[in-house]
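*Asks:* Below you'll find structure.cif; it's mmCIF, C-alpha atoms and all ligand atoms.
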data_work
#
loop_
_atom_site.label_atom_id
_atom_site.label_comp_id
_atom_site.auth_asym_id
_atom_site.auth_seq_id
_atom_site.Cartn_x
_atom_site.Cartn_y
_atom_site.Cartn_z
CA MET A 1 23.47 30.57 -20.59
CA THR A 2 20.02 32.01 -20.18
CA VAL A 3 18.77 31.40 -16.68
CA TYR A 4 15.17 30.28 -16.64
CA PHE A 5 13.18 29.17 -13.69
CA SER A 6 11.41 25.89 -13.37
CA ALA A 7 9.10 24.42 -10.80
CA SER A 8 9.75 21.50 -8.46
CA LEU A 9 9.44 17.98 -9.81
CA ARG A 10 7.22 15.98 -7.48
CA LEU A 11 7.24 12.17 -7.58
CA GLU A 12 4.16 11.31 -5.59
CA GLN A 13 4.00 7.79 -4.19
CA ILE A 14 5.21 6.14 -7.35
CA SER A 15 5.16 2.37 -7.44
CA ILE A 16 6.40 0.29 -10.34
CA ALA A 17 5.68 -3.43 -10.59
CA LEU A 18 6.61 -6.15 -13.03
CA ALA A 19 4.58 -9.37 -13.24
CA GLY A 20 2.80 -8.56 -9.98
CA ARG A 21 6.00 -7.88 -8.02
CA GLU A 22 6.85 -4.35 -6.88
CA LEU A 23 10.24 -3.25 -8.25
CA LEU A 24 10.43 0.13 -6.57
CA ALA A 25 8.53 2.72 -4.58
CA VAL A 26 9.52 6.39 -4.60
CA ASP A 27 8.09 9.49 -2.97
CA ALA A 28 10.23 12.60 -3.41
CA THR A 29 10.24 16.27 -4.37
CA ILE A 30 13.15 17.75 -6.32
CA VAL A 31 13.41 21.52 -6.09
CA PRO A 32 14.76 23.67 -8.96
CA GLY A 33 18.55 23.46 -9.17
CA GLU A 34 18.69 20.25 -7.13
CA VAL A 35 19.78 16.80 -8.30
CA LEU A 36 18.21 13.75 -6.66
CA THR A 37 20.42 10.70 -7.13
CA VAL A 38 18.75 7.29 -7.30
CA MET A 39 21.01 4.30 -6.70
CA GLY A 40 20.15 0.63 -6.46
CA PRO A 41 20.96 -2.85 -7.72
CA SER A 42 20.80 -3.75 -11.38
CA GLY A 43 17.23 -4.57 -12.34
CA SER A 44 15.68 -2.61 -9.46
CA GLY A 45 13.69 -0.48 -11.92
CA LYS A 46 15.70 2.75 -12.05
CA SER A 47 15.53 3.20 -15.82
CA THR A 48 11.88 2.20 -15.73
CA LEU A 49 11.21 4.96 -13.21
CA LEU A 50 12.72 7.47 -15.65
CA ALA A 51 10.59 6.04 -18.46
CA TYR A 52 7.47 6.47 -16.31
CA ILE A 53 8.33 10.11 -15.55
CA ALA A 54 9.23 10.91 -19.17
CA GLY A 55 6.16 9.15 -20.57
CA PHE A 56 7.45 6.10 -22.43
CA ILE A 57 7.08 3.22 -19.97
CA THR A 58 5.96 0.05 -21.76
CA ARG A 59 2.86 -1.96 -20.98
CA ASP A 60 4.95 -4.76 -19.51
CA PHE A 61 4.97 -2.78 -16.26
CA SER A 62 2.16 -1.64 -14.01
CA ALA A 63 2.87 1.73 -12.49
CA SER A 64 0.98 4.11 -10.27
CA GLY A 65 1.57 7.43 -8.55
CA GLY A 66 1.73 11.07 -9.58
CA VAL A 67 4.32 13.10 -11.48
CA TRP A 68 3.94 16.85 -11.02
CA LEU A 69 5.90 19.80 -12.27
CA GLY A 70 4.73 22.54 -9.98
CA GLU A 71 0.94 22.42 -10.32
CA GLN A 72 1.02 20.61 -13.64
CA ASP A 73 0.08 16.94 -13.83
CA LEU A 74 2.66 15.52 -16.24
CA LEU A 75 0.93 12.15 -16.51
CA SER A 76 -1.95 13.86 -18.31
CA LEU A 77 0.44 14.94 -21.08
CA PRO A 78 2.04 12.90 -23.88
CA ALA A 79 5.83 12.48 -23.63
CA GLU A 80 6.63 15.23 -26.14
CA LYS A 81 4.63 17.83 -24.18
CA ARG A 82 6.14 17.10 -20.77
CA GLY A 83 9.20 19.30 -21.19
CA ILE A 84 11.52 16.63 -19.84
CA GLY A 85 15.10 16.52 -21.07
CA LEU A 86 16.99 13.22 -21.10
CA LEU A 87 20.67 12.38 -21.05
CA PHE A 88 21.81 8.78 -21.45
CA GLN A 89 25.19 7.06 -21.38
CA ASP A 90 25.24 7.25 -25.19
CA PRO A 91 25.15 10.80 -26.56
CA LEU A 92 22.65 9.69 -29.24
CA LEU A 93 23.55 12.47 -31.66
CA PHE A 94 21.88 12.28 -35.07
CA PRO A 95 24.67 10.88 -37.29
CA HIS A 96 23.30 12.46 -40.47
CA LEU A 97 23.32 15.99 -39.02
CA SER A 98 26.32 18.21 -38.33
CA VAL A 99 27.10 19.30 -34.79
CA GLY A 100 25.30 22.58 -35.56
CA GLY A 101 22.34 20.63 -36.98
CA ASN A 102 22.13 18.53 -33.83
CA LEU A 103 22.09 21.64 -31.67
CA ARG A 104 19.53 23.45 -33.83
CA PHE A 105 17.32 20.36 -33.62
CA GLY A 106 16.94 20.96 -29.88
CA LEU A 107 15.98 24.60 -30.22
CA PRO A 108 12.32 25.47 -29.82
CA ARG A 109 10.76 26.62 -33.14
CA HIS A 110 10.07 30.16 -32.01
CA ILE A 111 13.73 30.96 -31.25
CA GLN A 112 14.85 33.68 -33.71
CA ASP A 113 18.61 33.79 -33.58
CA LYS A 114 19.39 30.09 -33.82
CA HIS A 115 22.89 30.59 -35.22
CA GLN A 116 23.94 32.80 -32.33
CA GLN A 117 22.57 30.39 -29.73
CA VAL A 118 24.39 27.45 -31.29
CA THR A 119 27.66 29.39 -31.54
CA GLN A 120 27.34 30.49 -27.93
CA ALA A 121 26.53 26.95 -26.71
CA LEU A 122 29.57 25.47 -28.45
CA LYS A 123 31.81 28.19 -27.06
CA GLN A 124 30.56 27.46 -23.57
CA VAL A 125 31.79 23.87 -23.75
CA GLY A 126 35.08 24.57 -25.50
CA LEU A 127 33.90 23.49 -28.97
CA ALA A 128 33.89 26.84 -30.78
CA GLY A 129 34.09 26.32 -34.55
CA PHE A 130 32.74 22.75 -34.47
CA GLU A 131 29.38 23.60 -36.16
CA ALA A 132 30.10 21.91 -39.49
CA ARG A 133 31.76 18.76 -38.09
CA GLY A 134 29.97 15.43 -38.23
CA PRO A 135 29.36 13.69 -34.87
CA ALA A 136 31.45 10.69 -35.94
CA THR A 137 34.54 12.93 -36.19
CA LEU A 138 34.23 13.91 -32.51
CA SER A 139 35.73 12.15 -29.50
CA GLY A 140 33.39 10.57 -26.95
CA GLY A 141 33.85 13.50 -24.59
CA GLN A 142 33.15 16.04 -27.32
CA GLN A 143 30.00 14.16 -28.31
CA ALA A 144 28.88 14.12 -24.67
CA ARG A 145 29.28 17.90 -24.50
CA VAL A 146 27.26 18.40 -27.68
CA ALA A 147 24.52 16.14 -26.25
CA LEU A 148 24.46 18.22 -23.06
CA MET A 149 24.13 21.49 -24.95
CA ARG A 150 21.45 20.05 -27.24
CA LEU A 151 19.53 19.10 -24.12
CA LEU A 152 19.88 22.55 -22.55
CA LEU A 153 19.03 24.42 -25.75
CA SER A 154 15.72 22.53 -25.90
CA LYS A 155 14.77 24.42 -22.71
CA PRO A 156 13.55 21.45 -20.67
CA ARG A 157 11.67 22.08 -17.43
CA ALA A 158 13.23 19.07 -15.70
CA VAL A 159 16.07 16.71 -16.57
CA LEU A 160 16.52 12.95 -16.20
CA LEU A 161 20.02 11.47 -16.40
CA ASP A 162 20.58 7.73 -16.82
CA GLU A 163 24.22 6.77 -16.14
CA PRO A 164 25.36 9.76 -18.23
CA PHE A 165 29.08 9.43 -17.45
CA SER A 166 29.58 5.68 -17.40
CA LYS A 167 31.14 5.43 -20.87
CA LEU A 168 33.69 8.19 -20.32
CA ASP A 169 37.20 7.57 -19.04
CA THR A 170 38.08 8.65 -15.52
CA ALA A 171 39.55 12.10 -16.23
CA LEU A 172 36.83 13.04 -18.66
CA ARG A 173 34.16 11.74 -16.31
CA GLN A 174 35.21 14.19 -13.62
CA GLU A 175 35.23 17.05 -16.11
CA MET A 176 31.76 16.17 -17.44
CA ARG A 177 30.31 15.81 -13.95
CA THR A 178 31.41 19.33 -13.11
CA LEU A 179 30.12 20.69 -16.40
CA VAL A 180 26.74 18.94 -16.28
CA PHE A 181 25.93 19.71 -12.65
CA ASN A 182 27.08 23.32 -12.92
CA GLN A 183 24.93 23.84 -16.00
CA LEU A 184 21.87 22.25 -14.40
CA ARG A 185 22.32 24.35 -11.27
CA ASP A 186 22.79 27.54 -13.30
CA ALA A 187 19.67 26.76 -15.32
CA GLY A 188 17.72 26.19 -12.09
CA LEU A 189 16.35 22.84 -13.23
CA PRO A 190 15.22 19.94 -11.05
CA ALA A 191 17.09 16.78 -12.08
CA LEU A 192 17.01 13.08 -11.32
CA LEU A 193 20.22 11.11 -11.74
CA VAL A 194 20.37 7.32 -11.96
CA THR A 195 23.84 5.92 -11.31
CA HIS A 196 25.88 3.09 -9.81
CA ASP A 197 28.81 5.41 -9.14
CA LEU A 198 29.11 7.03 -5.71
CA ALA A 199 31.39 9.71 -7.15
CA ASP A 200 28.53 10.79 -9.44
CA ALA A 201 26.23 11.11 -6.44
CA LYS A 202 28.83 13.14 -4.57
CA ALA A 203 29.37 15.48 -7.50
CA ALA A 204 25.61 15.91 -7.94
CA GLY A 205 25.58 17.26 -4.42
CA GLY A 206 21.91 16.56 -3.69
CA PRO A 207 19.99 13.94 -1.73
CA VAL A 208 20.59 10.25 -2.47
CA LEU A 209 17.85 7.66 -2.60
CA GLU A 210 19.04 4.08 -2.17
CA LEU A 211 16.66 1.48 -3.50
CA GLY A 212 16.58 -1.88 -1.76
N1 LIG A 301 10.25 -4.16 -21.78
C1 LIG A 301 10.43 -4.95 -20.73
N2 LIG A 301 9.63 -6.02 -20.52
C2 LIG A 301 9.78 -6.81 -19.46
N3 LIG A 301 10.71 -6.62 -18.51
C3 LIG A 301 11.53 -5.59 -18.66
C4 LIG A 301 11.45 -4.70 -19.76
N4 LIG A 301 12.39 -3.73 -19.62
C5 LIG A 301 13.04 -4.05 -18.48
N5 LIG A 301 12.54 -5.15 -17.90
C6 LIG A 301 12.94 -5.76 -16.61
O1 LIG A 301 12.50 -4.84 -15.62
C7 LIG A 301 13.43 -4.79 -14.54
C8 LIG A 301 13.85 -3.34 -14.30
O2 LIG A 301 14.63 -2.88 -15.38
P1 LIG A 301 15.37 -1.47 -15.35
O3 LIG A 301 16.12 -1.35 -16.64
O4 LIG A 301 14.41 -0.41 -15.01
O5 LIG A 301 16.38 -1.66 -14.14
P2 LIG A 301 17.60 -0.76 -13.69
O6 LIG A 301 17.49 -0.61 -12.21
O7 LIG A 301 17.65 0.48 -14.50
O8 LIG A 301 18.83 -1.70 -14.06
P3 LIG A 301 20.35 -1.35 -14.42
O9 LIG A 301 20.96 -0.74 -13.20
O10 LIG A 301 20.94 -2.69 -14.76
O11 LIG A 301 20.32 -0.42 -15.63
C9 LIG A 301 14.57 -5.72 -14.93
O12 LIG A 301 14.36 -6.94 -14.26
C10 LIG A 301 14.43 -5.88 -16.43
O13 LIG A 301 14.88 -7.13 -16.84
#
Can you give me the file's structure in the form of structure tokens?
*Replies:*
Amino acid sequence: MTVYFSASLRLEQISIALAGRELLAVDATIVPGEVLTVMGPSGSGKSTLLAYIAGFITRDFSASGGVWLGEQDLLSLPAEKRGIGLLFQDPLLFPHLSVGGNLRFGLPRHIQDKHQQVTQALKQVGLAGFEARGPATLSGGQQARVALMRLLLSKPRAVLLDEPFSKLDTALRQEMRTLVFNQLRDAGLPALLVTHDLADAKAAGGPVLELG
């Protein structure tokens, strides 16, 4: 994996409200290679916070506060220019593309040796030779690993994870936690994890923010 350095992700006095009622307030800085875990009751606005950071919060909410990546004001950029990578509980692979096609989709246009990068990424997660397979022929755990590598190949500058392990069975969950957090640490990316699972927070190894 190519190591590339990112800046800190700063969440500056963010407040998110729905119908005039504040759902959450967050003020935090996530340094490169660190995972901030956000926990809280269902409906407390965790996914909405991620949507605000990534740039696709809907008008139903009123939100305020700053989102900075180093010196860059992310709120001034449209979602596709923010350089934020997302991982959800569903792998969301494109069903009409092969595994290789899904991975190439994440690669920035200027990358020359796409084939080599894809081959290397698959090898890294124990899926060497899976390029031509369709996503539907993969197990849930294999799909999750492809989704992780697609995310990393897109060279995000920060990563948001929304319950990324909740659909995996217990053994696989532990394996994916280790893989995901090691990869994020190696890549030196700041990451924000939303979860209900204390074991996820422990594996992430960073600070934990408990919403009321
Ligand atoms: N588009 C929307 N319009 C109006 N209300 C919404 C919309 N999306 C979500 N909500 C409401 O906003 C609140 C926050 O939702 P959100 O999904 O951010 O919570 P959460 O903390 O991620 O919940 P969970 O842990 O169950 O995933 C909830 O009360 C939800 O019903």
*Asks:* Which residues are near ligand LIG 301 (chain A) in this structure, taking near to mean any atom at most 7 Å from a ligand atom and counting only C-alpha atoms and all ligand atoms? Format them as a compact mmCIF listing (two decimals) with C-alpha atoms, in the coordinates of the input.
*Replies:*
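Written out: out.txt:
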# COMPACT_ATOMS: atom_id res chain seq x y z
CA LEU A 18 6.61 -6.15 -13.03
CA GLY A 40 20.15 0.63 -6.46
CA PRO A 41 20.96 -2.85 -7.72
CA SER A 42 20.80 -3.75 -11.38
CA GLY A 43 17.23 -4.57 -12.34
CA SER A 44 15.68 -2.61 -9.46
CA GLY A 45 13.69 -0.48 -11.92
CA LYS A 46 15.70 2.75 -12.05
CA SER A 47 15.53 3.20 -15.82
CA THR A 48 11.88 2.20 -15.73
CA LEU A 49 11.21 4.96 -13.21
CA THR A 58 5.96 0.05 -21.76
CA ASP A 60 4.95 -4.76 -19.51
*Asks:* So that each row is one residue of stretch 99-201 of chain A with an atom at most 8 Å from stretch 81-91 of chain A, can you give its shortest atom pair and the distance in Å to one decimal, using all atoms listed in the file, rows by chain and rising number, as a Markdown table?
*Replies:*
| residue | atom | partner | partner_atom | distance |
| --- | --- | --- | --- | --- |
| A:Gln143 | CA | A:Pro91 | CA | 6.2 |
| A:Ala144 | CA | A:Pro91 | CA | 5.3 |
| A:Val146 | CA | A:Pro91 | CA | 8.0 |
| A:Ala147 | CA | A:Pro91 | CA | 5.4 |
| A:Leu148 | CA | A:Leu87 | CA | 7.2 |
| A:Leu151 | CA | A:Gly85 | CA | 6.0 |
| A:Leu152 | CA | A:Gly85 | CA | 7.8 |
| A:Ser154 | CA | A:Gly85 | CA | 7.7 |
| A:Lys155 | CA | A:Gly83 | CA | 7.7 |
| A:Pro156 | CA | A:Gly83 | CA | 4.9 |
| A:Arg157 | CA | A:Gly83 | CA | 5.3 |
| A:Ala158 | CA | A:Ile84 | CA | 5.1 |
| A:Val159 | CA | A:Gly85 | CA | 4.6 |
| A:Leu160 | CA | A:Leu86 | CA | 4.9 |
| A:Leu161 | CA | A:Leu87 | CA | 4.8 |
| A:Asp162 | CA | A:Phe88 | CA | 4.9 |
| A:Glu163 | CA | A:Gln89 | CA | 5.3 |
| A:Pro164 | CA | A:Gln89 | CA | 4.2 |
| A:Phe165 | CA | A:Gln89 | CA | 6.0 |
| A:Ser166 | CA | A:Gln89 | CA | 6.1 |
| A:Lys167 | CA | A:Gln89 | CA | 6.2 |
*Asks:* Those residues with C-alpha atoms, as a tab-separated table (two decimals), keeping the file's coordinate frame please?
*Replies:*
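And here is the file that came out, part29.tsv:
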chain	number	residue	atom	x	y	z
A	143	GLN	CA	30.00	14.16	-28.31
A	144	ALA	CA	28.88	14.12	-24.67
A	146	VAL	CA	27.26	18.40	-27.68
A	147	ALA	CA	24.52	16.14	-26.25
A	148	LEU	CA	24.46	18.22	-23.06
A	151	LEU	CA	19.53	19.10	-24.12
A	152	LEU	CA	19.88	22.55	-22.55
A	154	SER	CA	15.72	22.53	-25.90
A	155	LYS	CA	14.77	24.42	-22.71
A	156	PRO	CA	13.55	21.45	-20.67
A	157	ARG	CA	11.67	22.08	-17.43
A	158	ALA	CA	13.23	19.07	-15.70
A	159	VAL	CA	16.07	16.71	-16.57
A	160	LEU	CA	16.52	12.95	-16.20
A	161	LEU	CA	20.02	11.47	-16.40
A	162	ASP	CA	20.58	7.73	-16.82
A	163	GLU	CA	24.22	6.77	-16.14
A	164	PRO	CA	25.36	9.76	-18.23
A	165	PHE	CA	29.08	9.43	-17.45
A	166	SER	CA	29.58	5.68	-17.40
A	167	LYS	CA	31.14	5.43	-20.87
*Asks:* One number please: atom CA of A:Ser76 to atom CA of A:Gly20, in Å, one decimal.
*Replies:*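 Atom-to-atom, atom CA of A:Ser76 and atom CA of A:Gly20 are spaced 24.4 Å apart.
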*Asks:* Just to confirm, what's the straight-line distance from atom CA of A:Gly206 to atom CA of A:Ile30 in Å (one decimal)?
*Replies:*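 Value for the atom CA of A:Gly206-atom CA of A:Ile30 distance: 9.2 Å.
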*Asks:* How many Å separate atom CA of A:Ala63 from atom CA of A:Ser6?
*Replies:*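 Computed distance, atom CA of A:Ala63 to atom CA of A:Ser6, equals 25.6 Å.
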*Asks:* I need the residue nearest A:Leu11 from this list: A:Val99, A:Val38, A:Val67, A:Ile57. Use only C-alpha atoms for the distance.
*Replies:* A:Val67
